[in-house]
$ cat final39.cif   # mmCIF, C-alpha atoms, pLDDT in the B column; chains and numbers go by the auth columns
data_model
#
loop_
_atom_site.group_PDB
_atom_site.id
_atom_site.type_symbol
_atom_site.label_atom_id
_atom_site.label_comp_id
_atom_site.label_asym_id
_atom_site.label_seq_id
_atom_site.Cartn_x
_atom_site.Cartn_y
_atom_site.Cartn_z
_atom_site.B_iso_or_equiv
_atom_site.auth_seq_id
_atom_site.auth_asym_id
ATOM 1 C CA MET A 1 0.000 0.000 0.000 64.00 1 A
ATOM 2 C CA ILE A 2 2.745 2.383 0.663 63.00 2 A
ATOM 3 C CA ALA A 3 4.171 1.533 -2.688 64.00 3 A
ATOM 4 C CA ASN A 4 0.932 2.518 -4.310 62.00 4 A
ATOM 5 C CA LEU A 5 0.899 5.775 -2.466 54.00 5 A
ATOM 6 C CA VAL A 6 4.461 6.507 -3.578 54.00 6 A
ATOM 7 C CA GLN A 7 3.579 5.778 -7.146 64.00 7 A
ATOM 8 C CA LEU A 8 0.518 8.081 -6.863 55.00 8 A
ATOM 9 C CA ALA A 9 2.646 10.790 -5.393 52.00 9 A
ATOM 10 C CA ALA A 10 5.110 10.427 -8.284 54.00 10 A
ATOM 11 C CA GLU A 11 2.327 10.762 -10.782 56.00 11 A
ATOM 12 C CA GLU A 12 1.072 13.817 -8.983 54.00 12 A
ATOM 13 C CA GLU A 13 4.239 15.589 -9.760 60.00 13 A
ATOM 14 C CA GLN A 14 3.339 15.408 -13.373 65.00 14 A
ATOM 15 C CA ASN A 15 0.557 17.942 -14.263 66.00 15 A
ATOM 16 C CA PRO A 16 -2.591 16.131 -15.384 67.00 16 A
ATOM 17 C CA LEU A 17 -3.552 19.048 -17.635 72.00 17 A
ATOM 18 C CA VAL A 18 -0.377 18.908 -19.727 72.00 18 A
ATOM 19 C CA PRO A 19 -0.091 15.647 -21.655 73.00 19 A
ATOM 20 C CA PRO A 20 3.241 13.995 -22.332 75.00 20 A
ATOM 21 C CA GLY A 21 5.258 15.247 -25.335 78.00 21 A
ATOM 22 C CA PRO A 22 4.658 12.380 -27.793 84.00 22 A
ATOM 23 C CA GLU A 23 0.881 12.447 -27.143 85.00 23 A
ATOM 24 C CA LEU A 24 0.884 16.185 -27.651 83.00 24 A
ATOM 25 C CA LEU A 25 2.640 15.797 -30.993 90.00 25 A
ATOM 26 C CA VAL A 26 0.268 13.052 -32.222 92.00 26 A
ATOM 27 C CA GLY A 27 -2.774 15.113 -31.050 89.00 27 A
ATOM 28 C CA ALA A 28 -1.496 18.241 -32.849 91.00 28 A
ATOM 29 C CA ILE A 29 -0.956 16.290 -36.103 95.00 29 A
ATOM 30 C CA ALA A 30 -4.421 14.688 -35.842 93.00 30 A
ATOM 31 C CA PHE A 31 -5.951 18.119 -35.139 93.00 31 A
ATOM 32 C CA ALA A 32 -4.144 19.589 -38.165 94.00 32 A
ATOM 33 C CA ILE A 33 -5.437 16.765 -40.400 93.00 33 A
ATOM 34 C CA VAL A 34 -9.006 17.172 -39.155 90.00 34 A
ATOM 35 C CA PHE A 35 -8.726 20.990 -39.399 89.00 35 A
ATOM 36 C CA PHE A 36 -7.340 20.734 -42.951 91.00 36 A
ATOM 37 C CA PHE A 37 -10.195 18.348 -43.927 87.00 37 A
ATOM 38 C CA PHE A 38 -12.783 20.708 -42.422 85.00 38 A
ATOM 39 C CA TRP A 39 -11.157 23.734 -44.040 86.00 39 A
ATOM 40 C CA LYS A 40 -10.888 22.196 -47.514 89.00 40 A
ATOM 41 C CA LYS A 41 -13.984 20.058 -47.749 87.00 41 A
ATOM 42 C CA LEU A 42 -16.547 20.840 -45.100 85.00 42 A
ATOM 43 C CA LEU A 43 -16.134 24.611 -44.655 85.00 43 A
ATOM 44 C CA PRO A 44 -16.744 25.461 -48.369 88.00 44 A
ATOM 45 C CA ASN A 45 -19.855 23.267 -48.387 88.00 45 A
ATOM 46 C CA ILE A 46 -21.100 24.905 -45.181 87.00 46 A
ATOM 47 C CA ASN A 47 -20.338 28.375 -46.593 89.00 47 A
ATOM 48 C CA LYS A 48 -22.055 27.405 -49.869 91.00 48 A
ATOM 49 C CA VAL A 49 -25.177 26.209 -48.028 90.00 49 A
ATOM 50 C CA LEU A 50 -25.186 29.327 -45.829 90.00 50 A
ATOM 51 C CA GLU A 51 -24.801 31.550 -48.917 91.00 51 A
ATOM 52 C CA GLU A 52 -27.654 29.730 -50.671 90.00 52 A
ATOM 53 C CA ARG A 53 -29.820 30.175 -47.595 89.00 53 A
ATOM 54 C CA ARG A 54 -28.921 33.851 -47.398 89.00 54 A
ATOM 55 C CA GLU A 55 -29.722 34.303 -51.106 87.00 55 A
ATOM 56 C CA ALA A 56 -32.968 32.342 -50.734 86.00 56 A
ATOM 57 C CA ILE A 57 -33.980 34.464 -47.769 86.00 57 A
ATOM 58 C CA GLU A 58 -33.051 37.692 -49.565 85.00 58 A
ATOM 59 C CA GLY A 59 -34.756 36.458 -52.758 82.00 59 A
ATOM 60 C CA GLY A 60 -37.821 35.507 -50.733 81.00 60 A
ATOM 61 C CA ILE A 61 -37.843 38.933 -49.147 85.00 61 A
ATOM 62 C CA GLU A 62 -37.442 40.567 -52.564 85.00 62 A
ATOM 63 C CA LYS A 63 -40.201 38.356 -53.988 84.00 63 A
ATOM 64 C CA ALA A 64 -42.408 39.168 -51.018 85.00 64 A
ATOM 65 C CA GLU A 65 -41.725 42.878 -51.495 88.00 65 A
ATOM 66 C CA ALA A 66 -42.441 42.572 -55.234 88.00 66 A
ATOM 67 C CA ALA A 67 -45.634 40.635 -54.510 87.00 67 A
ATOM 68 C CA GLN A 68 -46.640 43.219 -51.923 90.00 68 A
ATOM 69 C CA THR A 69 -45.950 46.036 -54.403 92.00 69 A
ATOM 70 C CA GLU A 70 -47.951 44.223 -57.072 92.00 70 A
ATOM 71 C CA ALA A 71 -50.777 43.552 -54.627 90.00 71 A
ATOM 72 C CA GLN A 72 -50.758 47.224 -53.641 93.00 72 A
ATOM 73 C CA SER A 73 -50.943 48.302 -57.300 92.00 73 A
ATOM 74 C CA VAL A 74 -53.774 45.812 -57.948 92.00 74 A
ATOM 75 C CA LEU A 75 -55.563 47.155 -54.881 92.00 75 A
ATOM 76 C CA GLU A 76 -55.142 50.719 -56.150 93.00 76 A
ATOM 77 C CA GLN A 77 -56.472 49.683 -59.570 94.00 77 A
ATOM 78 C CA TYR A 78 -59.413 47.945 -57.912 93.00 78 A
ATOM 79 C CA LYS A 79 -60.147 51.013 -55.814 92.00 79 A
ATOM 80 C CA ALA A 80 -59.903 53.229 -58.907 93.00 80 A
ATOM 81 C CA GLN A 81 -62.241 50.934 -60.851 93.00 81 A
ATOM 82 C CA LEU A 82 -64.644 50.810 -57.917 92.00 82 A
ATOM 83 C CA ALA A 83 -64.642 54.593 -57.635 93.00 83 A
ATOM 84 C CA GLU A 84 -65.177 54.879 -61.387 94.00 84 A
ATOM 85 C CA ALA A 85 -68.039 52.377 -61.235 92.00 85 A
ATOM 86 C CA ARG A 86 -69.640 54.284 -58.370 93.00 86 A
ATOM 87 C CA HIS A 87 -69.254 57.534 -60.302 94.00 87 A
ATOM 88 C CA GLU A 88 -70.786 55.932 -63.389 94.00 88 A
ATOM 89 C CA ALA A 89 -73.674 54.530 -61.332 92.00 89 A
ATOM 90 C CA ALA A 90 -74.296 57.962 -59.811 93.00 90 A
ATOM 91 C CA ARG A 91 -74.202 59.536 -63.274 93.00 91 A
ATOM 92 C CA LEU A 92 -76.653 56.955 -64.650 94.00 92 A
ATOM 93 C CA ARG A 93 -78.935 57.422 -61.662 94.00 93 A
ATOM 94 C CA GLN A 94 -78.844 61.215 -62.194 94.00 94 A
ATOM 95 C CA GLU A 95 -79.614 60.785 -65.902 93.00 95 A
ATOM 96 C CA ALA A 96 -82.499 58.451 -65.064 91.00 96 A
ATOM 97 C CA GLN A 97 -83.893 60.973 -62.592 94.00 97 A
ATOM 98 C CA GLU A 98 -83.580 63.761 -65.171 94.00 98 A
ATOM 99 C CA GLN A 99 -85.228 61.623 -67.838 93.00 99 A
ATOM 100 C CA GLY A 100 -87.966 60.676 -65.372 91.00 100 A
ATOM 101 C CA ALA A 101 -88.566 64.323 -64.502 92.00 101 A
ATOM 102 C CA GLN A 102 -88.596 65.230 -68.201 94.00 102 A
ATOM 103 C CA LEU A 103 -90.999 62.388 -68.957 93.00 103 A
ATOM 104 C CA ILE A 104 -93.286 63.494 -66.112 93.00 104 A
ATOM 105 C CA ALA A 105 -93.212 67.069 -67.409 92.00 105 A
ATOM 106 C CA GLU A 106 -94.007 65.872 -70.932 93.00 106 A
ATOM 107 C CA MET A 107 -96.843 63.694 -69.648 93.00 107 A
ATOM 108 C CA ARG A 108 -98.241 66.598 -67.654 92.00 108 A
ATOM 109 C CA ALA A 109 -98.041 68.867 -70.689 92.00 109 A
ATOM 110 C CA GLU A 110 -99.723 66.200 -72.837 93.00 110 A
ATOM 111 C CA GLY A 111 -102.403 65.701 -70.178 92.00 111 A
ATOM 112 C CA GLN A 112 -102.948 69.466 -69.963 93.00 112 A
ATOM 113 C CA ARG A 113 -103.196 69.686 -73.763 93.00 113 A
ATOM 114 C CA GLN A 114 -105.661 66.788 -73.900 93.00 114 A
ATOM 115 C CA ARG A 115 -107.697 68.306 -71.068 92.00 115 A
ATOM 116 C CA GLU A 116 -107.822 71.630 -72.917 93.00 116 A
ATOM 117 C CA GLU A 117 -108.862 69.843 -76.108 93.00 117 A
ATOM 118 C CA ILE A 118 -111.587 67.958 -74.250 93.00 118 A
ATOM 119 C CA VAL A 119 -112.792 71.147 -72.541 92.00 119 A
ATOM 120 C CA ALA A 120 -112.741 73.037 -75.861 92.00 120 A
ATOM 121 C CA ALA A 121 -114.590 70.188 -77.581 91.00 121 A
ATOM 122 C CA GLY A 122 -117.087 70.145 -74.708 91.00 122 A
ATOM 123 C CA HIS A 123 -117.609 73.899 -74.967 91.00 123 A
ATOM 124 C CA ALA A 124 -118.039 73.628 -78.737 90.00 124 A
ATOM 125 C CA GLN A 125 -120.510 70.778 -78.302 92.00 125 A
ATOM 126 C CA ILE A 126 -122.400 72.691 -75.631 92.00 126 A
ATOM 127 C CA GLU A 127 -122.481 75.784 -77.881 90.00 127 A
ATOM 128 C CA ALA A 128 -123.710 73.701 -80.823 90.00 128 A
ATOM 129 C CA ASP A 129 -126.330 72.030 -78.624 89.00 129 A
ATOM 130 C CA ARG A 130 -127.365 75.437 -77.255 85.00 130 A
ATOM 131 C CA LYS A 131 -127.727 76.856 -80.770 86.00 131 A
ATOM 132 C CA ALA A 132 -129.669 73.807 -81.918 87.00 132 A
ATOM 133 C CA ALA A 133 -131.881 74.004 -78.828 84.00 133 A
ATOM 134 C CA ALA A 134 -132.378 77.736 -79.371 79.00 134 A
ATOM 135 C CA GLN A 135 -133.284 77.134 -83.010 81.00 135 A
ATOM 136 C CA THR A 136 -135.678 74.346 -82.086 86.00 136 A
ATOM 137 C CA LEU A 137 -137.092 76.465 -79.307 79.00 137 A
ATOM 138 C CA ARG A 138 -137.535 79.416 -81.692 75.00 138 A
ATOM 139 C CA GLN A 139 -139.413 77.239 -84.098 77.00 139 A
ATOM 140 C CA ASP A 140 -141.554 75.700 -81.371 80.00 140 A
ATOM 141 C CA VAL A 141 -142.212 79.049 -79.709 76.00 141 A
ATOM 142 C CA GLY A 142 -142.957 80.613 -83.120 72.00 142 A
ATOM 143 C CA GLN A 143 -145.342 77.834 -84.000 75.00 143 A
ATOM 144 C CA LEU A 144 -147.074 78.089 -80.649 77.00 144 A
ATOM 145 C CA ALA A 145 -147.221 81.893 -80.942 73.00 145 A
ATOM 146 C CA THR A 146 -148.762 81.757 -84.409 72.00 146 A
ATOM 147 C CA ASP A 147 -151.240 79.139 -83.305 74.00 147 A
ATOM 148 C CA LEU A 148 -152.157 81.261 -80.315 73.00 148 A
ATOM 149 C CA ALA A 149 -152.331 84.436 -82.395 69.00 149 A
ATOM 150 C CA GLY A 150 -154.488 82.639 -84.945 67.00 150 A
ATOM 151 C CA LYS A 151 -156.853 81.537 -82.217 70.00 151 A
ATOM 152 C CA LEU A 152 -156.975 85.051 -80.797 68.00 152 A
ATOM 153 C CA VAL A 153 -157.532 86.723 -84.108 60.00 153 A
ATOM 154 C CA GLY A 154 -159.771 84.024 -85.310 55.00 154 A
ATOM 155 C CA GLU A 155 -158.114 83.474 -88.673 56.00 155 A
ATOM 156 C CA SER A 156 -155.192 81.332 -89.739 58.00 156 A
ATOM 157 C CA LEU A 157 -151.752 82.844 -90.021 58.00 157 A
ATOM 158 C CA GLU A 158 -150.286 80.134 -92.195 61.00 158 A
ATOM 159 C CA ASP A 159 -148.103 82.270 -94.467 61.00 159 A
ATOM 160 C CA SER A 160 -144.708 80.891 -93.441 65.00 160 A
ATOM 161 C CA ALA A 161 -142.538 83.785 -94.665 63.00 161 A
ATOM 162 C CA ARG A 162 -144.588 86.333 -92.797 63.00 162 A
ATOM 163 C CA GLN A 163 -144.832 84.017 -89.852 64.00 163 A
ATOM 164 C CA SER A 164 -141.053 83.564 -89.761 69.00 164 A
ATOM 165 C CA ARG A 165 -140.386 87.324 -89.907 70.00 165 A
ATOM 166 C CA THR A 166 -142.898 87.996 -87.151 69.00 166 A
ATOM 167 C CA ILE A 167 -141.437 85.303 -84.940 70.00 167 A
ATOM 168 C CA ASP A 168 -137.869 86.441 -85.521 74.00 168 A
ATOM 169 C CA ARG A 169 -138.765 90.056 -84.756 76.00 169 A
ATOM 170 C CA PHE A 170 -140.604 89.038 -81.605 73.00 170 A
ATOM 171 C CA LEU A 171 -137.740 86.867 -80.348 75.00 171 A
ATOM 172 C CA ASP A 172 -135.129 89.517 -81.171 80.00 172 A
ATOM 173 C CA GLU A 173 -137.101 92.020 -79.098 79.00 173 A
ATOM 174 C CA LEU A 174 -137.201 89.519 -76.221 75.00 174 A
ATOM 175 C CA GLU A 175 -133.430 88.980 -76.430 80.00 175 A
ATOM 176 C CA GLU A 176 -132.765 92.718 -76.422 84.00 176 A
ATOM 177 C CA LYS A 177 -134.928 93.140 -73.329 80.00 177 A
ATOM 178 C CA ALA A 178 -133.118 90.223 -71.643 78.00 178 A
ATOM 179 C CA GLU A 179 -129.688 91.721 -72.437 82.00 179 A
ATOM 180 C CA ALA A 180 -130.771 95.170 -71.251 84.00 180 A
ATOM 181 C CA ALA A 181 -131.953 93.612 -67.974 81.00 181 A
ATOM 182 C CA ARG A 182 -128.546 92.149 -67.270 69.00 182 A
#

$ encode --input "final39.cif" --output "structure tokens"
Amino acid sequence: MIANLVQLAAEEEQNPLVPPGPELLVGAIAFAIVFFFFWKKLLPNINKVLEERREAIEGGIEKAEAAQTEAQSVLEQYKAQLAEARHEAARLRQEAQEQGAQLIAEMRAEGQRQREEIVAAGHAQIEADRKAAAQTLRQDVGQLATDLAGKLVGESLEDSARQSRTIDRFLDELEEKAEAAR
């Protein structure tokens, strides 16, 4: 046991963090080989992959920006078309209202004209009926007057020309008296 302790003490003199010289040399050569392999083969591939990723990310960002710009322009076009369509709809609605108002005015004018024609035709008909009634009444009143005068006088007054003049004179005198009374 003492021998083991002496051997442990001897090993303690050597620093466990610093390896022996031949191991250090073999480790340095192995490290150089691995480093050279990484530097020549692996590092370019890693850099190439990282560069491709960077380009893909930048390209994706550029594509996204281009798509966003295109979407913004399409949105602006859509808004412009929508505004134009609204303006056109408002213009058509205004034209329809104006045409409707014009049509109503024309219909009113036509209705007024037809009403005036109907009223004028009615007045003309009434005037014609009044004249016909007056003529018929003159004849009837004249006939009755001559019959009455014949009965009063006792002789027949059948001479139609004289009868017509007498009747007309009598009725004209009545009309003059009626107009003077007004």

$ atom_distance --input "final39.cif" --atom1 "atom CA of Glu173 of chain A" --atom2 "atom CA of Arg138 of chain A"
12.9 Å

$ closest_residue --input "final39.cif" --among "A:Ala134, A:Ala89, A:Ala109, A:Ala80" --to "Glu175 of chain A" --atoms "all atoms listed in the file"
A:Ala134

$ atom_distance --input "final39.cif" --atom1 "atom CA of Leu144 of chain A" --atom2 "atom CA of Arg165 of chain A"
14.7 Å

$ resolve_selection --input "final39.cif" --expression "the PyMOL selection byres ((chain A and resi 142) around 10)" --output "number ranges by chain"
A: 136-141, 143-148, 163-168, 170-171

$ atom_distance --input "final39.cif" --atom1 "atom CA of Leu42 of chain A" --atom2 "atom CA of Val26 of chain A"
22.6 Å

$ build_atoms --input "final39.cif" --residues "segment 18-29 of chain A" --atoms "all heavy atoms" --output "mmCIF file, keeping the file's coordinate frame"
data_model
loop_
_atom_site.group_PDB
_atom_site.id
_atom_site.type_symbol
_atom_site.label_atom_id
_atom_site.label_comp_id
_atom_site.auth_asym_id
_atom_site.auth_seq_id
_atom_site.Cartn_x
_atom_site.Cartn_y
_atom_site.Cartn_z
ATOM 1 N N VAL A 18 -1.348 18.863 -18.637
ATOM 2 C CA VAL A 18 -0.377 18.908 -19.727
ATOM 3 C C VAL A 18 -0.054 17.460 -20.073
ATOM 4 O O VAL A 18 0.507 16.728 -19.267
ATOM 5 C CB VAL A 18 0.902 19.664 -19.303
ATOM 6 C CG1 VAL A 18 1.923 19.656 -20.419
ATOM 7 C CG2 VAL A 18 0.555 21.061 -18.892
ATOM 8 N N PRO A 19 -0.364 17.019 -21.267
ATOM 9 C CA PRO A 19 -0.091 15.647 -21.655
ATOM 10 C C PRO A 19 1.405 15.464 -21.959
ATOM 11 O O PRO A 19 2.127 16.422 -22.176
ATOM 12 C CB PRO A 19 -0.936 15.449 -22.896
ATOM 13 C CG PRO A 19 -1.239 16.797 -23.403
ATOM 14 C CD PRO A 19 -1.102 17.744 -22.264
ATOM 15 N N PRO A 20 1.831 14.235 -22.008
ATOM 16 C CA PRO A 20 3.241 13.995 -22.332
ATOM 17 C C PRO A 20 3.561 14.442 -23.754
ATOM 18 O O PRO A 20 2.673 14.554 -24.597
ATOM 19 C CB PRO A 20 3.399 12.482 -22.192
ATOM 20 C CG PRO A 20 2.162 11.983 -21.537
ATOM 21 C CD PRO A 20 1.128 13.033 -21.650
ATOM 22 N N GLY A 21 4.795 14.676 -24.071
ATOM 23 C CA GLY A 21 5.258 15.247 -25.335
ATOM 24 C C GLY A 21 4.831 14.445 -26.548
ATOM 25 O O GLY A 21 4.299 15.010 -27.517
ATOM 26 N N PRO A 22 5.047 13.109 -26.598
ATOM 27 C CA PRO A 22 4.658 12.380 -27.793
ATOM 28 C C PRO A 22 3.142 12.419 -28.021
ATOM 29 O O PRO A 22 2.686 12.517 -29.167
ATOM 30 C CB PRO A 22 5.113 10.943 -27.510
ATOM 31 C CG PRO A 22 6.093 11.017 -26.399
ATOM 32 C CD PRO A 22 5.818 12.292 -25.674
ATOM 33 N N GLU A 23 2.346 12.375 -26.990
ATOM 34 C CA GLU A 23 0.881 12.447 -27.143
ATOM 35 C C GLU A 23 0.487 13.813 -27.675
ATOM 36 O O GLU A 23 -0.435 13.927 -28.495
ATOM 37 C CB GLU A 23 0.186 12.190 -25.805
ATOM 38 C CG GLU A 23 0.090 10.753 -25.433
ATOM 39 C CD GLU A 23 -0.677 10.571 -24.139
ATOM 40 O OE1 GLU A 23 -1.556 11.398 -23.805
ATOM 41 O OE2 GLU A 23 -0.394 9.586 -23.467
ATOM 42 N N LEU A 24 1.170 14.832 -27.204
ATOM 43 C CA LEU A 24 0.884 16.185 -27.651
ATOM 44 C C LEU A 24 1.175 16.312 -29.141
ATOM 45 O O LEU A 24 0.405 16.946 -29.892
ATOM 46 C CB LEU A 24 1.713 17.174 -26.825
ATOM 47 C CG LEU A 24 1.374 18.646 -27.005
ATOM 48 C CD1 LEU A 24 -0.070 18.940 -26.600
ATOM 49 C CD2 LEU A 24 2.307 19.505 -26.196
ATOM 50 N N LEU A 25 2.266 15.725 -29.603
ATOM 51 C CA LEU A 25 2.640 15.797 -30.993
ATOM 52 C C LEU A 25 1.635 15.036 -31.863
ATOM 53 O O LEU A 25 1.175 15.546 -32.900
ATOM 54 C CB LEU A 25 4.054 15.208 -31.180
ATOM 55 C CG LEU A 25 4.586 15.298 -32.609
ATOM 56 C CD1 LEU A 25 4.722 16.736 -33.069
ATOM 57 C CD2 LEU A 25 5.901 14.563 -32.725
ATOM 58 N N VAL A 26 1.235 13.839 -31.464
ATOM 59 C CA VAL A 26 0.268 13.052 -32.222
ATOM 60 C C VAL A 26 -1.077 13.784 -32.231
ATOM 61 O O VAL A 26 -1.760 13.850 -33.261
ATOM 62 C CB VAL A 26 0.130 11.627 -31.616
ATOM 63 C CG1 VAL A 26 -1.041 10.873 -32.246
ATOM 64 C CG2 VAL A 26 1.420 10.850 -31.826
ATOM 65 N N GLY A 27 -1.502 14.367 -31.128
ATOM 66 C CA GLY A 27 -2.774 15.113 -31.050
ATOM 67 C C GLY A 27 -2.760 16.337 -31.956
ATOM 68 O O GLY A 27 -3.751 16.666 -32.622
ATOM 69 N N ALA A 28 -1.605 17.046 -32.013
ATOM 70 C CA ALA A 28 -1.496 18.241 -32.849
ATOM 71 C C ALA A 28 -1.577 17.858 -34.318
ATOM 72 O O ALA A 28 -2.229 18.534 -35.129
ATOM 73 C CB ALA A 28 -0.202 18.977 -32.547
ATOM 74 N N ILE A 29 -0.924 16.726 -34.710
ATOM 75 C CA ILE A 29 -0.956 16.290 -36.103
ATOM 76 C C ILE A 29 -2.391 15.866 -36.476
ATOM 77 O O ILE A 29 -2.901 16.230 -37.549
ATOM 78 C CB ILE A 29 0.055 15.143 -36.329
ATOM 79 C CG1 ILE A 29 1.479 15.691 -36.222
ATOM 80 C CG2 ILE A 29 -0.144 14.499 -37.703
ATOM 81 C CD1 ILE A 29 2.562 14.636 -36.276
#
